[in-house]
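Shown below: structure_27.txt, with compact mmCIF, C-alpha atoms.
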```
# COMPACT_ATOMS: atom_id res chain seq x y z
CA MET T 1 137.04 97.27 84.11
CA SER T 2 135.98 93.80 83.05
CA GLY T 3 135.83 90.97 85.57
CA PRO T 4 135.21 87.25 85.16
CA TRP T 5 132.10 86.51 83.16
CA LEU T 6 129.31 84.65 84.91
CA ASP T 7 127.63 81.81 83.08
CA VAL T 8 123.85 82.34 83.27
CA CYS T 9 121.89 79.99 81.01
CA ALA T 10 121.21 79.01 77.42
CA PRO T 11 119.69 81.97 75.58
CA GLY T 12 116.54 79.96 74.86
CA ASP T 13 115.91 79.51 78.59
CA ILE T 14 114.48 83.03 78.69
CA ALA T 15 111.14 83.43 76.92
CA ARG T 16 110.81 86.17 74.30
CA GLU T 17 109.83 89.55 75.75
CA ASP T 18 110.44 88.32 79.28
CA VAL T 19 112.82 88.51 82.21
CA MET T 20 114.58 85.94 84.37
CA ARG T 21 116.29 86.08 87.74
CA PHE T 22 119.94 85.14 88.05
CA ASP T 23 121.91 85.00 91.29
CA GLY T 24 125.69 84.96 91.13
CA ALA T 25 128.82 86.45 92.66
CA GLY T 26 126.82 87.15 95.81
CA ARG T 27 124.43 89.40 93.92
CA THR T 28 121.15 89.21 92.11
CA PHE T 29 120.46 90.20 88.50
CA ALA T 30 117.59 90.43 86.03
CA ILE T 31 118.29 89.10 82.54
CA TYR T 32 116.03 90.23 79.70
CA ARG T 33 115.22 88.95 76.24
CA THR T 34 113.41 91.23 73.84
CA LYS T 35 110.87 90.23 71.23
CA ASP T 36 113.62 90.39 68.57
CA ASP T 37 116.11 88.30 70.58
CA ARG T 38 118.33 90.98 72.08
CA TYR T 39 119.61 90.25 75.59
CA TYR T 40 120.28 92.65 78.46
CA ALA T 41 121.16 92.47 82.14
CA THR T 42 120.50 94.83 85.04
CA ASP T 43 120.58 94.71 88.81
CA GLY T 44 117.84 92.40 90.00
CA ASN T 45 116.12 94.65 92.50
CA CYS T 46 114.04 97.71 91.71
CA THR T 47 115.84 100.83 92.93
CA HIS T 48 112.66 102.04 94.59
CA ALA T 49 111.74 99.27 97.03
CA ARG T 50 114.12 96.34 96.55
CA VAL T 51 111.50 94.18 94.87
CA HIS T 52 112.95 91.72 92.37
CA LEU T 53 112.24 92.71 88.79
CA SER T 54 112.11 89.10 87.58
CA GLY T 55 108.43 89.04 88.59
CA GLY T 56 107.78 92.12 86.47
CA PHE T 57 106.35 92.74 83.06
CA VAL T 58 108.41 93.37 79.93
CA MET T 59 106.94 95.74 77.32
CA GLY T 60 109.31 96.52 74.48
CA ASN T 61 112.45 97.88 76.16
CA LEU T 62 110.65 98.56 79.45
CA ILE T 63 110.51 96.47 82.60
CA GLU T 64 107.68 97.23 85.02
CA CYS T 65 108.24 96.45 88.69
CA PRO T 66 105.74 93.86 89.97
CA LYS T 67 105.00 95.67 93.22
CA HIS T 68 104.56 99.35 92.42
CA ASN T 69 104.58 99.53 88.62
CA GLY T 70 107.74 101.64 88.48
CA ARG T 71 109.34 101.41 85.03
CA PHE T 72 112.88 101.23 83.69
CA ASP T 73 114.39 101.04 80.23
CA PHE T 74 116.41 97.87 80.75
CA THR T 75 118.63 98.61 77.75
CA THR T 76 120.02 101.71 79.47
CA GLY T 77 118.84 101.30 83.09
CA GLU T 78 117.04 104.64 82.93
CA ALA T 79 114.13 105.08 85.37
CA LYS T 80 111.07 105.92 83.26
CA GLY T 81 108.33 106.68 85.72
CA ALA T 82 107.53 107.16 89.41
CA PRO T 83 107.92 105.54 91.80
CA ALA T 84 111.11 104.52 90.00
CA CYS T 85 113.33 107.59 90.23
CA THR T 86 116.86 106.13 90.44
CA ASN T 87 118.40 104.39 87.42
CA LEU T 88 119.24 100.69 87.41
CA LYS T 89 122.79 99.47 86.86
CA THR T 90 123.23 97.60 83.60
CA TYR T 91 125.77 94.87 82.74
CA LYS T 92 127.37 93.56 79.58
CA VAL T 93 125.90 90.39 78.12
CA ARG T 94 127.57 87.99 75.67
CA ILE T 95 126.50 84.79 73.98
CA GLU T 96 129.25 82.31 73.16
CA GLY T 97 129.11 78.60 72.53
CA GLY T 98 125.38 78.51 73.09
CA ARG T 99 125.65 80.04 76.56
CA LEU T 100 124.63 83.46 77.81
CA SER T 101 126.90 85.11 80.33
CA ILE T 102 127.15 88.50 81.98
CA ASP T 103 130.01 90.65 83.16
CA PRO T 104 129.10 91.62 86.73
CA SER T 105 131.77 94.28 87.03
CA ILE T 106 130.45 97.76 87.69
CA MET G 1 84.93 92.20 132.33
CA PRO G 2 85.96 95.39 130.50
CA ILE G 3 88.42 94.93 127.67
CA GLU G 4 91.66 96.81 128.08
CA ILE G 5 92.18 98.90 125.00
CA SER G 6 95.57 100.08 123.88
CA LYS G 7 94.75 102.57 121.16
CA ARG G 8 96.94 102.15 118.12
CA ASP G 9 98.86 104.99 116.53
CA TYR G 10 97.92 105.18 112.85
CA SER G 11 100.24 108.08 112.07
CA LEU G 12 103.30 107.40 109.93
CA ILE G 13 105.72 108.94 112.41
CA GLY G 14 104.55 107.47 115.70
CA ARG G 15 104.91 104.51 118.03
CA ASP G 16 103.37 101.94 115.70
CA THR G 17 105.66 102.95 112.84
CA LYS G 18 108.63 101.89 114.92
CA LEU G 19 106.83 98.74 116.04
CA ALA G 20 106.03 97.74 112.46
CA GLU G 21 109.67 98.15 111.49
CA GLU G 22 110.87 96.16 114.50
CA GLN G 23 108.43 93.35 113.74
CA GLY G 24 109.56 93.09 110.12
CA LEU G 25 106.21 94.28 108.77
CA ALA G 26 107.62 97.25 106.83
CA SER G 27 108.47 96.60 103.17
CA ALA G 28 108.07 92.89 103.83
CA GLU G 29 107.56 89.93 101.50
CA TRP G 30 103.89 89.16 100.86
CA TYR G 31 102.17 85.92 100.03
CA ALA G 32 101.34 85.37 96.35
CA CYS G 33 99.02 82.66 95.07
CA PRO G 34 100.63 80.24 92.65
CA ILE G 35 100.16 81.05 88.98
CA SER G 36 102.31 80.08 86.02
CA ARG G 37 104.57 82.76 84.62
CA ALA G 38 103.15 82.17 81.13
CA ARG G 39 99.54 82.72 82.25
CA LEU G 40 100.45 85.75 84.34
CA LYS G 41 102.24 87.20 81.35
CA GLU G 42 99.07 86.82 79.28
CA LEU G 43 97.01 88.53 81.96
CA MET G 44 99.50 91.39 82.32
CA GLN G 45 99.22 92.34 78.64
CA ARG G 46 98.16 95.96 78.18
CA ARG G 47 95.57 97.15 75.68
CA ASP G 48 94.23 100.59 74.85
CA GLY G 49 90.87 99.41 73.52
CA PRO G 50 88.89 98.64 76.70
CA ALA G 51 89.96 101.80 78.52
CA ILE G 52 89.37 104.04 75.46
CA ARG G 53 85.87 102.56 75.10
CA ASP G 54 85.11 103.01 78.81
CA THR G 55 86.54 106.53 78.88
CA VAL G 56 84.50 107.63 75.86
CA ILE G 57 81.34 106.23 77.53
CA TRP G 58 82.27 107.90 80.81
CA PHE G 59 82.83 111.34 79.29
CA ALA G 60 79.71 110.96 77.15
CA LEU G 61 77.65 110.22 80.26
CA LEU G 62 79.20 113.20 82.04
CA GLY G 63 78.33 115.36 79.03
CA ILE G 64 74.74 114.10 78.76
CA THR G 65 73.96 114.37 82.47
CA GLY G 66 75.73 117.74 82.66
CA TYR G 67 73.71 119.05 79.71
CA LEU G 68 70.44 117.82 81.20
CA GLY G 69 71.38 119.47 84.48
CA TYR G 70 71.97 122.74 82.67
CA ARG G 71 68.65 122.52 80.81
CA LEU G 72 66.72 121.69 83.99
CA TRP G 73 68.58 124.16 86.20
CA GLY G 74 66.07 126.20 88.19
CA SER G 75 63.64 123.31 88.64
CA TRP G 76 63.74 120.46 91.14
CA TRP G 77 64.12 118.07 88.21
CA ALA G 78 67.74 119.21 87.92
CA ILE G 79 68.50 117.09 91.00
CA LEU G 80 68.26 113.89 88.97
CA PRO G 81 70.85 114.62 86.27
CA PHE G 82 73.16 116.27 88.80
CA ALA G 83 72.88 113.23 91.08
CA ALA G 84 74.08 111.07 88.17
CA TYR G 85 76.70 113.63 87.11
CA GLY G 86 77.97 113.80 90.69
CA VAL G 87 78.41 110.03 90.96
CA LEU G 88 80.19 109.87 87.61
CA TYR G 89 82.43 112.76 88.66
CA GLY G 90 82.94 112.21 92.39
CA SER G 91 82.82 108.39 92.61
CA SER G 92 83.75 106.96 89.22
CA SER G 93 86.85 109.16 89.11
CA ASP G 94 88.18 107.13 92.05
CA SER G 95 88.67 104.01 89.94
CA ARG G 96 90.01 105.98 86.95
CA TRP G 97 92.44 107.71 89.27
CA HIS G 98 93.44 104.36 90.70
CA GLU G 99 93.94 102.35 87.51
CA ASP G 100 95.84 105.15 85.80
CA LEU G 101 98.02 105.62 88.86
CA HIS G 102 99.19 102.05 88.29
CA ARG G 103 99.55 102.85 84.56
CA THR G 104 97.74 99.64 83.69
CA ALA G 105 94.42 100.89 82.27
CA PHE G 106 95.88 101.81 78.87
CA LYS G 107 98.83 100.43 76.97
CA THR G 108 99.86 103.95 75.98
CA THR G 109 101.66 105.70 78.81
CA TRP G 110 100.48 109.25 78.05
CA MET G 111 96.86 108.11 78.10
CA ASN G 112 97.33 106.67 81.59
CA ASP G 113 99.06 109.82 82.76
CA ALA G 114 96.49 112.19 81.22
CA LEU G 115 93.51 110.37 82.73
CA TYR G 116 95.37 110.09 86.02
CA GLU G 117 95.68 113.88 86.22
CA ILE G 118 92.00 114.36 85.33
CA GLY G 119 90.85 111.69 87.79
CA SER G 120 93.08 113.09 90.55
CA PHE G 121 91.57 116.53 90.14
CA MET G 122 88.01 115.19 90.11
CA ILE G 123 88.44 113.00 93.19
CA LEU G 124 90.26 115.82 94.99
CA ARG G 125 93.51 113.95 95.41
CA GLU G 126 96.64 115.73 94.36
CA SER G 127 98.30 113.56 91.78
CA VAL G 128 101.88 113.48 93.05
CA PRO G 129 101.35 113.02 96.83
CA TRP G 130 98.68 110.43 96.21
CA ARG G 131 100.88 108.48 93.81
CA TRP G 132 103.41 108.12 96.61
CA SER G 133 100.78 107.51 99.25
CA HIS G 134 99.27 104.73 97.18
CA THR G 135 102.71 103.27 96.51
CA ARG G 136 103.17 102.98 100.27
CA HIS G 137 99.67 101.48 100.55
CA HIS G 138 100.81 98.70 98.21
CA THR G 139 104.11 98.21 100.04
CA ASP G 140 102.53 98.03 103.48
CA THR G 141 98.85 97.31 102.99
CA ILE G 142 96.97 97.89 106.29
CA ILE G 143 100.19 97.81 108.31
CA VAL G 144 99.52 100.21 111.16
CA GLY G 145 102.02 103.06 111.28
CA ARG G 146 103.10 102.45 107.68
CA ASP G 147 100.03 102.55 105.44
CA PRO G 148 98.76 106.11 104.89
CA GLU G 149 95.50 104.85 103.38
CA ILE G 150 93.91 102.95 106.27
CA ALA G 151 90.37 104.24 105.89
CA PHE G 152 88.92 102.45 108.91
CA PRO G 153 91.26 102.76 111.88
CA ARG G 154 90.05 101.06 115.04
CA PRO G 155 87.91 101.94 116.84
CA PRO G 156 85.95 103.19 113.81
CA ASP G 157 84.86 106.80 113.68
CA PHE G 158 81.21 106.58 112.66
CA LEU G 159 80.74 110.32 112.34
CA GLY G 160 83.77 110.36 110.05
CA ILE G 161 82.33 107.53 107.95
CA PHE G 162 79.04 109.43 107.60
CA LEU G 163 80.89 112.61 106.63
CA ALA G 164 82.94 110.62 104.10
CA ALA G 165 79.76 109.97 102.12
CA PHE G 166 80.04 113.60 101.00
CA ALA G 167 83.82 113.92 101.33
CA LEU G 168 83.27 116.29 104.25
CA LYS G 169 86.23 114.90 106.14
CA SER G 170 88.68 114.12 103.36
CA GLY G 171 87.67 117.15 101.24
CA PRO G 172 88.59 119.89 103.75
CA ARG G 173 91.72 117.91 104.70
CA GLU G 174 92.81 117.71 101.06
CA LEU G 175 92.07 121.40 100.47
CA GLY G 176 94.10 122.23 103.57
CA ARG G 177 97.03 120.16 102.30
CA MET G 178 96.70 121.83 98.92
CA CYS G 179 97.17 125.21 100.61
CA ILE G 180 100.24 123.90 102.48
CA HIS G 181 101.67 122.62 99.17
CA CYS G 182 100.96 125.97 97.49
CA LEU G 183 103.30 127.48 100.08
CA GLY G 184 106.03 125.04 99.03
CA ARG G 185 105.76 122.72 102.04
CA LEU G 186 104.77 119.13 102.80
CA THR G 187 103.18 117.67 105.92
CA ALA G 188 105.46 115.64 108.23
CA ALA G 189 103.82 112.37 107.13
CA GLU G 190 104.15 113.20 103.42
CA ALA G 191 107.82 113.92 103.92
CA THR G 192 108.26 110.23 104.88
CA TYR G 193 107.19 108.94 101.48
CA ILE G 194 107.56 111.69 98.85
CA PRO G 195 111.15 111.83 97.58
CA ASP G 196 112.95 115.15 97.22
CA GLU G 197 113.06 115.03 93.43
CA GLU G 198 109.26 114.84 93.22
CA ARG G 199 108.43 117.68 95.60
CA HIS G 200 108.56 120.55 93.13
CA LYS G 201 105.80 118.79 91.17
CA VAL G 202 103.64 118.68 94.30
CA TYR G 203 103.90 122.44 94.75
CA ARG G 204 103.35 123.18 91.04
CA ASN G 205 100.25 120.97 90.77
CA ALA G 206 98.71 122.32 93.98
CA ARG G 207 98.99 125.85 92.55
CA ILE G 208 97.30 124.71 89.32
CA TYR G 209 94.44 123.07 91.27
CA VAL G 210 93.93 126.18 93.38
CA LEU G 211 93.89 128.40 90.29
CA ILE G 212 91.22 126.21 88.68
CA TYR G 213 89.06 126.25 91.81
CA ALA G 214 89.56 129.99 92.18
CA GLY G 215 88.46 130.43 88.57
CA PHE G 216 85.23 128.50 89.10
CA ILE G 217 84.50 130.30 92.36
CA ALA G 218 85.06 133.65 90.65
CA TRP G 219 82.79 132.60 87.78
CA SER G 220 80.04 131.59 90.22
CA LEU G 221 80.37 134.87 92.10
CA ALA G 222 80.32 136.86 88.87
CA ILE G 223 77.05 135.34 87.70
CA HIS G 224 75.53 135.00 91.22
CA SER G 225 74.92 131.27 90.74
CA ILE G 226 76.50 128.08 92.01
CA LEU G 227 75.89 126.45 88.62
CA PRO G 228 79.58 126.49 87.49
CA LEU G 229 80.58 124.89 90.80
CA MET G 230 77.97 122.17 90.27
CA TYR G 231 80.22 121.00 87.41
CA VAL G 232 83.67 121.47 88.94
CA GLY G 233 84.41 121.48 92.66
CA LEU G 234 81.13 120.54 94.33
CA PRO G 235 80.65 117.14 92.62
CA SER G 236 83.80 115.94 94.40
CA PHE G 237 81.62 116.27 97.51
CA TYR G 238 78.01 115.62 96.54
CA GLY G 239 78.97 112.71 94.26
CA ALA G 240 81.36 110.91 96.62
CA TRP G 241 78.84 108.61 98.33
CA LEU G 242 78.98 105.69 95.88
CA GLY G 243 82.76 105.65 96.02
CA LEU G 244 82.49 105.23 99.79
CA ILE G 245 80.07 102.31 99.37
CA TYR G 246 82.47 100.58 97.00
CA GLY G 247 85.66 101.57 98.80
CA THR G 248 84.48 100.38 102.20
CA THR G 249 84.34 96.81 100.89
CA GLN G 250 88.09 96.83 100.18
CA HIS G 251 89.54 96.44 103.67
CA ALA G 252 87.04 97.51 106.39
CA GLY G 253 86.86 95.21 109.40
CA LEU G 254 89.62 92.89 108.17
CA ALA G 255 92.98 92.08 109.74
CA GLU G 256 95.75 94.59 110.33
CA ASP G 257 99.46 93.77 110.29
CA VAL G 258 99.33 90.62 108.18
CA LEU G 259 101.46 89.85 105.12
CA ASP G 260 98.77 88.11 103.09
CA HIS G 261 96.33 90.15 101.01
CA ARG G 262 93.77 87.37 101.26
CA LEU G 263 93.39 88.31 104.92
CA ASN G 264 93.13 92.08 104.60
CA CYS G 265 91.34 92.64 101.28
CA ARG G 266 87.96 91.58 99.91
CA THR G 267 86.89 90.37 96.50
CA VAL G 268 83.21 91.18 96.03
CA TYR G 269 81.10 90.20 93.04
CA MET G 270 79.32 93.20 91.53
CA ASN G 271 76.94 93.71 88.61
CA PRO G 272 78.22 95.11 85.28
CA ILE G 273 77.07 98.68 86.04
CA ASN G 274 78.95 98.76 89.32
CA ARG G 275 81.93 97.14 87.67
CA PHE G 276 81.91 99.83 84.98
CA ILE G 277 81.79 102.62 87.57
CA TYR G 278 84.36 100.88 89.76
CA TRP G 279 86.53 99.53 86.93
CA ASN G 280 86.69 96.05 88.46
CA MET G 281 88.31 97.18 91.69
CA ASN G 282 85.90 94.77 93.37
CA TYR G 283 88.58 92.14 92.61
CA HIS G 284 90.64 93.75 95.29
CA VAL G 285 92.62 90.80 96.60
CA GLU G 286 93.73 90.01 93.06
CA HIS G 287 94.66 93.63 92.42
CA HIS G 288 96.82 93.87 95.52
CA MET G 289 98.51 90.56 94.88
CA PHE G 290 99.28 91.26 91.21
CA PRO G 291 99.03 95.02 90.62
CA MET G 292 100.48 94.67 87.10
CA VAL G 293 97.29 93.05 85.85
CA PRO G 294 95.01 95.64 84.19
CA TYR G 295 91.43 96.09 85.34
CA HIS G 296 90.01 94.43 82.23
CA SER G 297 91.85 91.18 83.08
CA LEU G 298 91.05 91.03 86.79
CA ALA G 299 88.01 88.79 86.35
CA ALA G 300 90.19 86.30 84.46
CA LEU G 301 92.89 86.55 87.12
CA HIS G 302 90.22 85.90 89.75
CA LYS G 303 89.32 82.62 88.01
CA GLU G 304 92.97 81.55 87.99
CA LEU G 305 93.55 82.26 91.66
CA LYS G 306 90.17 81.20 92.99
CA PRO G 307 91.24 77.77 94.34
CA ASP G 308 93.80 79.47 96.60
CA MET G 309 91.53 82.32 97.70
CA PRO G 310 89.03 82.70 100.50
CA LYS G 311 85.39 82.58 99.37
CA PRO G 312 84.49 85.79 97.51
CA TYR G 313 81.48 87.82 98.62
CA GLY G 314 78.43 87.25 96.43
CA SER G 315 77.30 90.88 96.41
CA ILE G 316 77.88 94.30 97.95
CA LEU G 317 75.06 93.50 100.36
CA GLU G 318 76.74 90.29 101.49
CA ALA G 319 79.96 92.21 102.15
CA TYR G 320 78.07 94.79 104.23
CA ARG G 321 76.40 92.04 106.25
CA GLU G 322 79.89 91.34 107.51
CA ILE G 323 81.32 94.85 107.56
CA ILE G 324 78.63 96.66 109.57
CA PRO G 325 78.56 94.22 112.52
CA ALA G 326 82.37 94.10 112.46
CA LEU G 327 82.69 97.88 112.67
CA LEU G 328 80.04 98.06 115.41
CA ARG G 329 81.95 95.45 117.39
CA GLN G 330 85.28 97.22 116.81
CA ARG G 331 83.82 100.32 118.41
CA LYS G 332 83.71 98.43 121.72
CA ASP G 333 86.56 96.04 121.04
CA PRO G 334 89.20 97.51 118.70
CA THR G 335 91.11 94.24 118.76
CA TYR G 336 88.29 92.47 116.91
CA PHE G 337 88.59 91.78 113.18
CA VAL G 338 87.06 89.45 110.63
CA LYS G 339 89.20 86.36 110.13
CA ARG G 340 89.04 85.22 106.54
CA GLU G 341 89.08 81.47 106.09
CA LEU G 342 91.86 80.38 103.75
CA PRO G 343 91.69 77.22 101.65
CA ALA G 344 93.93 74.35 102.71
CA ARG G 345 97.37 74.58 101.13
CA ARG G 346 97.53 72.78 97.82
```

Show me, as C-alpha cells, the structure contained in the file I just sent.
Amino acid sequence: MSGPWLDVCAPGDIAREDVMRFDGAGRTFAIYRTKDDRYYATDGNCTHARVHLSGGFVMGNLIECPKHNGRFDFTTGEAKGAPACTNLKTYKVRIEGGRLSIDPSI
Amino acid sequence: MPIEISKRDYSLIGRDTKLAEEQGLASAEWYACPISRARLKELMQRRDGPAIRDTVIWFALLGITGYLGYRLWGSWWAILPFAAYGVLYGSSSDSRWHEDLHRTAFKTTWMNDALYEIGSFMILRESVPWRWSHTRHHTDTIIVGRDPEIAFPRPPDFLGIFLAAFALKSGPRELGRMCIHCLGRLTAAEATYIPDEERHKVYRNARIYVLIYAGFIAWSLAIHSILPLMYVGLPSFYGAWLGLIYGTTQHAGLAEDVLDHRLNCRTVYMNPINRFIYWNMNYHVEHHMFPMVPYHSLAALHKELKPDMPKPYGSILEAYREIIPALLRQRKDPTYFVKRELPARR
C-alpha cells in the first residue's frame, strides 16, 4: 500500500556516503546517500536500543549504530552484526523536481 | 559521627536495577561534546593498515618471547621471557578483545571478528556473553544495577583487587560460567542482556573453549610438565597484572549514576609502549562518547574534544595519585567519589 509521500529535502542536502535524520508523520527516519548517489530510507532508530542511526557511520551499504556499533544493510534493512539482531524497516524513496521524498507506508 | 551506609546492590536483577529504571538512568541519553559531523566522519573512517601492523608486531613478540621461554625452560632465566609473554597474552589481549568487539580496529569485518575470538579466548572472556555485557556497559556506563562491568563497586574490595592482578577472582568465575554454558544454561544476570537468538552460540563457544583447555591440560599431564599450559591457559592469569593497572584508570573512584562520560571515565596520557599494549584505550572518555572512532584515531579525537573535556591525567602515576586515596576513602565512606571539574559551557 502506498500512502502520501513525505517531502524530505533536496538530494544534495545529504553528503555522499552519509546519513541524515528526518522526522515526519509522527515518526523518525534515517535517509542515506551512497558514494554513487543512490538514496535509501529506513526507520530512524536502531532496532537494538532505540538510538538514532543518523549519528552513525556509513560504510558502503552499511550503517553502523553510533552507540553499540550494531550494523545494518540500509538497502535491505538486514541486521548484519550483533548487537543488531532485528532487521530495520525500509521505505521507498523518490526524487522528483529536485526534491527527495519518502513513502512512509509500511 | 559515623556515616550511615546504605550498601548498593550492583546485581542486574536487584533493588538498584529497579531504581535506575525509575530514575530514568537506564538506556538514557548521554552528553556528547560538540564536534562537526564532517570532522567526526573523518575520524570514524576505518583502515586495515594500523591494526594489521600492530597485530603482526604483537604476534611476532608473542612468538619471540614464547620461543625464548622454551629455550630457557628449566632455568630461572625462563621467568623473563614468560613474564613478557604473559603480559602480551594476558594483558594486551584485553585491548585487542575490546577494539575488535566494537569492530573498529580493522576495516575488514572478518579481521575484527577473527581477532575478537582470539582475544576473547586469551583474556578468558567468552566472546558472545562478553559482547552483550560490553554492549550494556556502553548503554549504561557505571549505572548501578544496570552495568555488568562495574569493576570497583563501593565499598571497594581490596582483596579482590589484589587477586585481580592475577585474574584469581575473575578467572575462576569465568571458568565456572563456562561450565554452566557448556550445560546449555545462562546465569540469571546474563539472561537479562543476551537475546534468545544468540544463546546457542554461547553454549557452542563454551564447549570449544573447554575442549581447548582440556587438550592443553591433557598434553601437560602426558609429558609431566606445565610447559604447554605456560603458553595457553596460565598466561591469562600470570599475565593479567598490567591489564589491571591500565583498566583501573578507566572508571575507578569516579561518579556512579551520571549521564556524562566526562564524569565517570578518565583520559590518561600514556607513553607509546603502553599505548601499543593498550591500543589507545587510555582515551577512555573519548571512546565512550564516540565508540565508532577506531583506536588509531582516538588521539586526534581527543584533540578535537579537549576544550569541552575535564583536564586529562598526565600519566598513569598521576591517575593513581587520585585513585588510591579515593578507593581508601570509599572503604569508609562508600558515598564518596571523585568529582571531575568540567569546563564552562561554550

* **Surrounding residues of Ala82 of chain T excluding itself and chain neighbours under 3 positions, 10 Å, all atoms listed in the file, as a ChimeraX atom specification** => /T:48,68-72,79,85-86 /G:101-102,128,131-132,135,198

* Asked: Restricting the calculation to all atoms listed in the file, which member of G:Met44, G:Leu25, G:Met111, G:Val268 is positioned closest to chain T?
  -> G:Met44

Produce a table with one row for each residue of chain G that has an atom at most 10 Å from any atom of chain T, each row naming the nearest atom pair and its distance in Å at one decimal; use all atoms listed in the file; arrange rows by chain and rising residue number; format as a Markdown table.
```
| residue | atom | partner | partner_atom | distance |
| --- | --- | --- | --- | --- |
| G:Ser27 | CA | T:Ala49 | CA | 7.5 |
| G:Ala28 | CA | T:Val51 | CA | 9.7 |
| G:Glu29 | CA | T:Val51 | CA | 8.8 |
| G:Arg37 | CA | T:Gly55 | CA | 8.4 |
| G:Ala38 | CA | T:Ala15 | CA | 9.1 |
| G:Leu40 | CA | T:Phe57 | CA | 9.2 |
| G:Lys41 | CA | T:Phe57 | CA | 7.1 |
| G:Met44 | CA | T:Phe57 | CA | 7.0 |
| G:Gln45 | CA | T:Phe57 | CA | 8.4 |
| G:Arg46 | CA | T:Met59 | CA | 8.8 |
| G:Leu101 | CA | T:Asn69 | CA | 9.0 |
| G:His102 | CA | T:Asn69 | CA | 6.0 |
| G:Arg103 | CA | T:Asn69 | CA | 7.3 |
| G:Thr104 | CA | T:Asn69 | CA | 8.4 |
| G:Lys107 | CA | T:Met59 | CA | 9.4 |
| G:Thr109 | CA | T:Gly81 | CA | 9.7 |
| G:Val128 | CA | T:Ala82 | CA | 9.2 |
| G:Arg131 | CA | T:Pro83 | CA | 7.9 |
| G:Trp132 | CA | T:Pro83 | CA | 7.1 |
| G:His134 | CA | T:His68 | CA | 8.9 |
| G:Thr135 | CA | T:His68 | CA | 6.0 |
| G:Arg136 | CA | T:His68 | CA | 8.8 |
| G:His137 | CA | T:His68 | CA | 9.7 |
| G:His138 | CA | T:His68 | CA | 6.9 |
| G:Thr139 | CA | T:Lys67 | CA | 7.3 |
| G:Ile194 | CA | T:Pro83 | CA | 9.4 |
| G:Pro195 | CA | T:Cys85 | CA | 8.8 |
| G:Glu197 | CA | T:Cys85 | CA | 8.1 |
| G:Glu198 | CA | T:Ala82 | CA | 8.7 |
| G:His288 | CA | T:Lys67 | CA | 8.7 |
| G:Met289 | CA | T:Lys67 | CA | 8.4 |
| G:Phe290 | CA | T:Pro66 | CA | 7.1 |
| G:Pro291 | CA | T:Lys67 | CA | 6.5 |
| G:Met292 | CA | T:Pro66 | CA | 6.0 |
| G:Val293 | CA | T:Pro66 | CA | 9.4 |
```

Write out the residues from the selection above, keeping C-alpha atoms, as a PDB file, in the coordinates of the input.
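Just written: selection.pdb:
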```
ATOM      1  CA  SER G  27     108.470  96.600 103.170  1.00  0.00           C
ATOM      2  CA  ALA G  28     108.070  92.890 103.830  1.00  0.00           C
ATOM      3  CA  GLU G  29     107.560  89.930 101.500  1.00  0.00           C
ATOM      4  CA  ARG G  37     104.570  82.760  84.620  1.00  0.00           C
ATOM      5  CA  ALA G  38     103.150  82.170  81.130  1.00  0.00           C
ATOM      6  CA  LEU G  40     100.450  85.750  84.340  1.00  0.00           C
ATOM      7  CA  LYS G  41     102.240  87.200  81.350  1.00  0.00           C
ATOM      8  CA  MET G  44      99.500  91.390  82.320  1.00  0.00           C
ATOM      9  CA  GLN G  45      99.220  92.340  78.640  1.00  0.00           C
ATOM     10  CA  ARG G  46      98.160  95.960  78.180  1.00  0.00           C
ATOM     11  CA  LEU G 101      98.020 105.620  88.860  1.00  0.00           C
ATOM     12  CA  HIS G 102      99.190 102.050  88.290  1.00  0.00           C
ATOM     13  CA  ARG G 103      99.550 102.850  84.560  1.00  0.00           C
ATOM     14  CA  THR G 104      97.740  99.640  83.690  1.00  0.00           C
ATOM     15  CA  LYS G 107      98.830 100.430  76.970  1.00  0.00           C
ATOM     16  CA  THR G 109     101.660 105.700  78.810  1.00  0.00           C
ATOM     17  CA  VAL G 128     101.880 113.480  93.050  1.00  0.00           C
ATOM     18  CA  ARG G 131     100.880 108.480  93.810  1.00  0.00           C
ATOM     19  CA  TRP G 132     103.410 108.120  96.610  1.00  0.00           C
ATOM     20  CA  HIS G 134      99.270 104.730  97.180  1.00  0.00           C
ATOM     21  CA  THR G 135     102.710 103.270  96.510  1.00  0.00           C
ATOM     22  CA  ARG G 136     103.170 102.980 100.270  1.00  0.00           C
ATOM     23  CA  HIS G 137      99.670 101.480 100.550  1.00  0.00           C
ATOM     24  CA  HIS G 138     100.810  98.700  98.210  1.00  0.00           C
ATOM     25  CA  THR G 139     104.110  98.210 100.040  1.00  0.00           C
ATOM     26  CA  ILE G 194     107.560 111.690  98.850  1.00  0.00           C
ATOM     27  CA  PRO G 195     111.150 111.830  97.580  1.00  0.00           C
ATOM     28  CA  GLU G 197     113.060 115.030  93.430  1.00  0.00           C
ATOM     29  CA  GLU G 198     109.260 114.840  93.220  1.00  0.00           C
ATOM     30  CA  HIS G 288      96.820  93.870  95.520  1.00  0.00           C
ATOM     31  CA  MET G 289      98.510  90.560  94.880  1.00  0.00           C
ATOM     32  CA  PHE G 290      99.280  91.260  91.210  1.00  0.00           C
ATOM     33  CA  PRO G 291      99.030  95.020  90.620  1.00  0.00           C
ATOM     34  CA  MET G 292     100.480  94.670  87.100  1.00  0.00           C
ATOM     35  CA  VAL G 293      97.290  93.050  85.850  1.00  0.00           C
TER      36      VAL G 293
END
```

So that I can check the surroundings of Arg99 of chain T, please list as a compact mmCIF listing (two decimals) with C-alpha atoms, keeping the file's coordinate frame every protein, DNA and RNA residue that reaches within 10 Å of it, counting only C-alpha atoms and ignoring chain neighbours fewer than 4 positions away.
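Below is the file around-v4.txt, written as the result:
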```txt
# COMPACT_ATOMS: atom_id res chain seq x y z
CA ASP T 7 127.63 81.81 83.08
CA VAL T 8 123.85 82.34 83.27
CA CYS T 9 121.89 79.99 81.01
CA ALA T 10 121.21 79.01 77.42
CA PRO T 11 119.69 81.97 75.58
CA GLY T 12 116.54 79.96 74.86
CA ASP T 13 115.91 79.51 78.59
CA ARG T 94 127.57 87.99 75.67
CA ILE T 95 126.50 84.79 73.98
```

* To do: Considering all atoms listed in the file, state which residue in the set G:Pro310, G:Gly247, G:Gly176, G:Gly184 is at the smallest distance from Asn282 of chain G.
  => G:Gly247

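Atom CA of Asp23 of chain T sits 10.8 Å away from atom CA of Pro104 of chain T.
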
* **Distance query Thr192 of chain G at most 12 Å, all atoms listed in the file, self and fewer than 6 positions along chain excluded, as JSON, numbers by chain** => {"G": [11, 12, 13, 14, 17, 129, 132, 133, 136, 145, 146, 147, 148, 186, 199]}
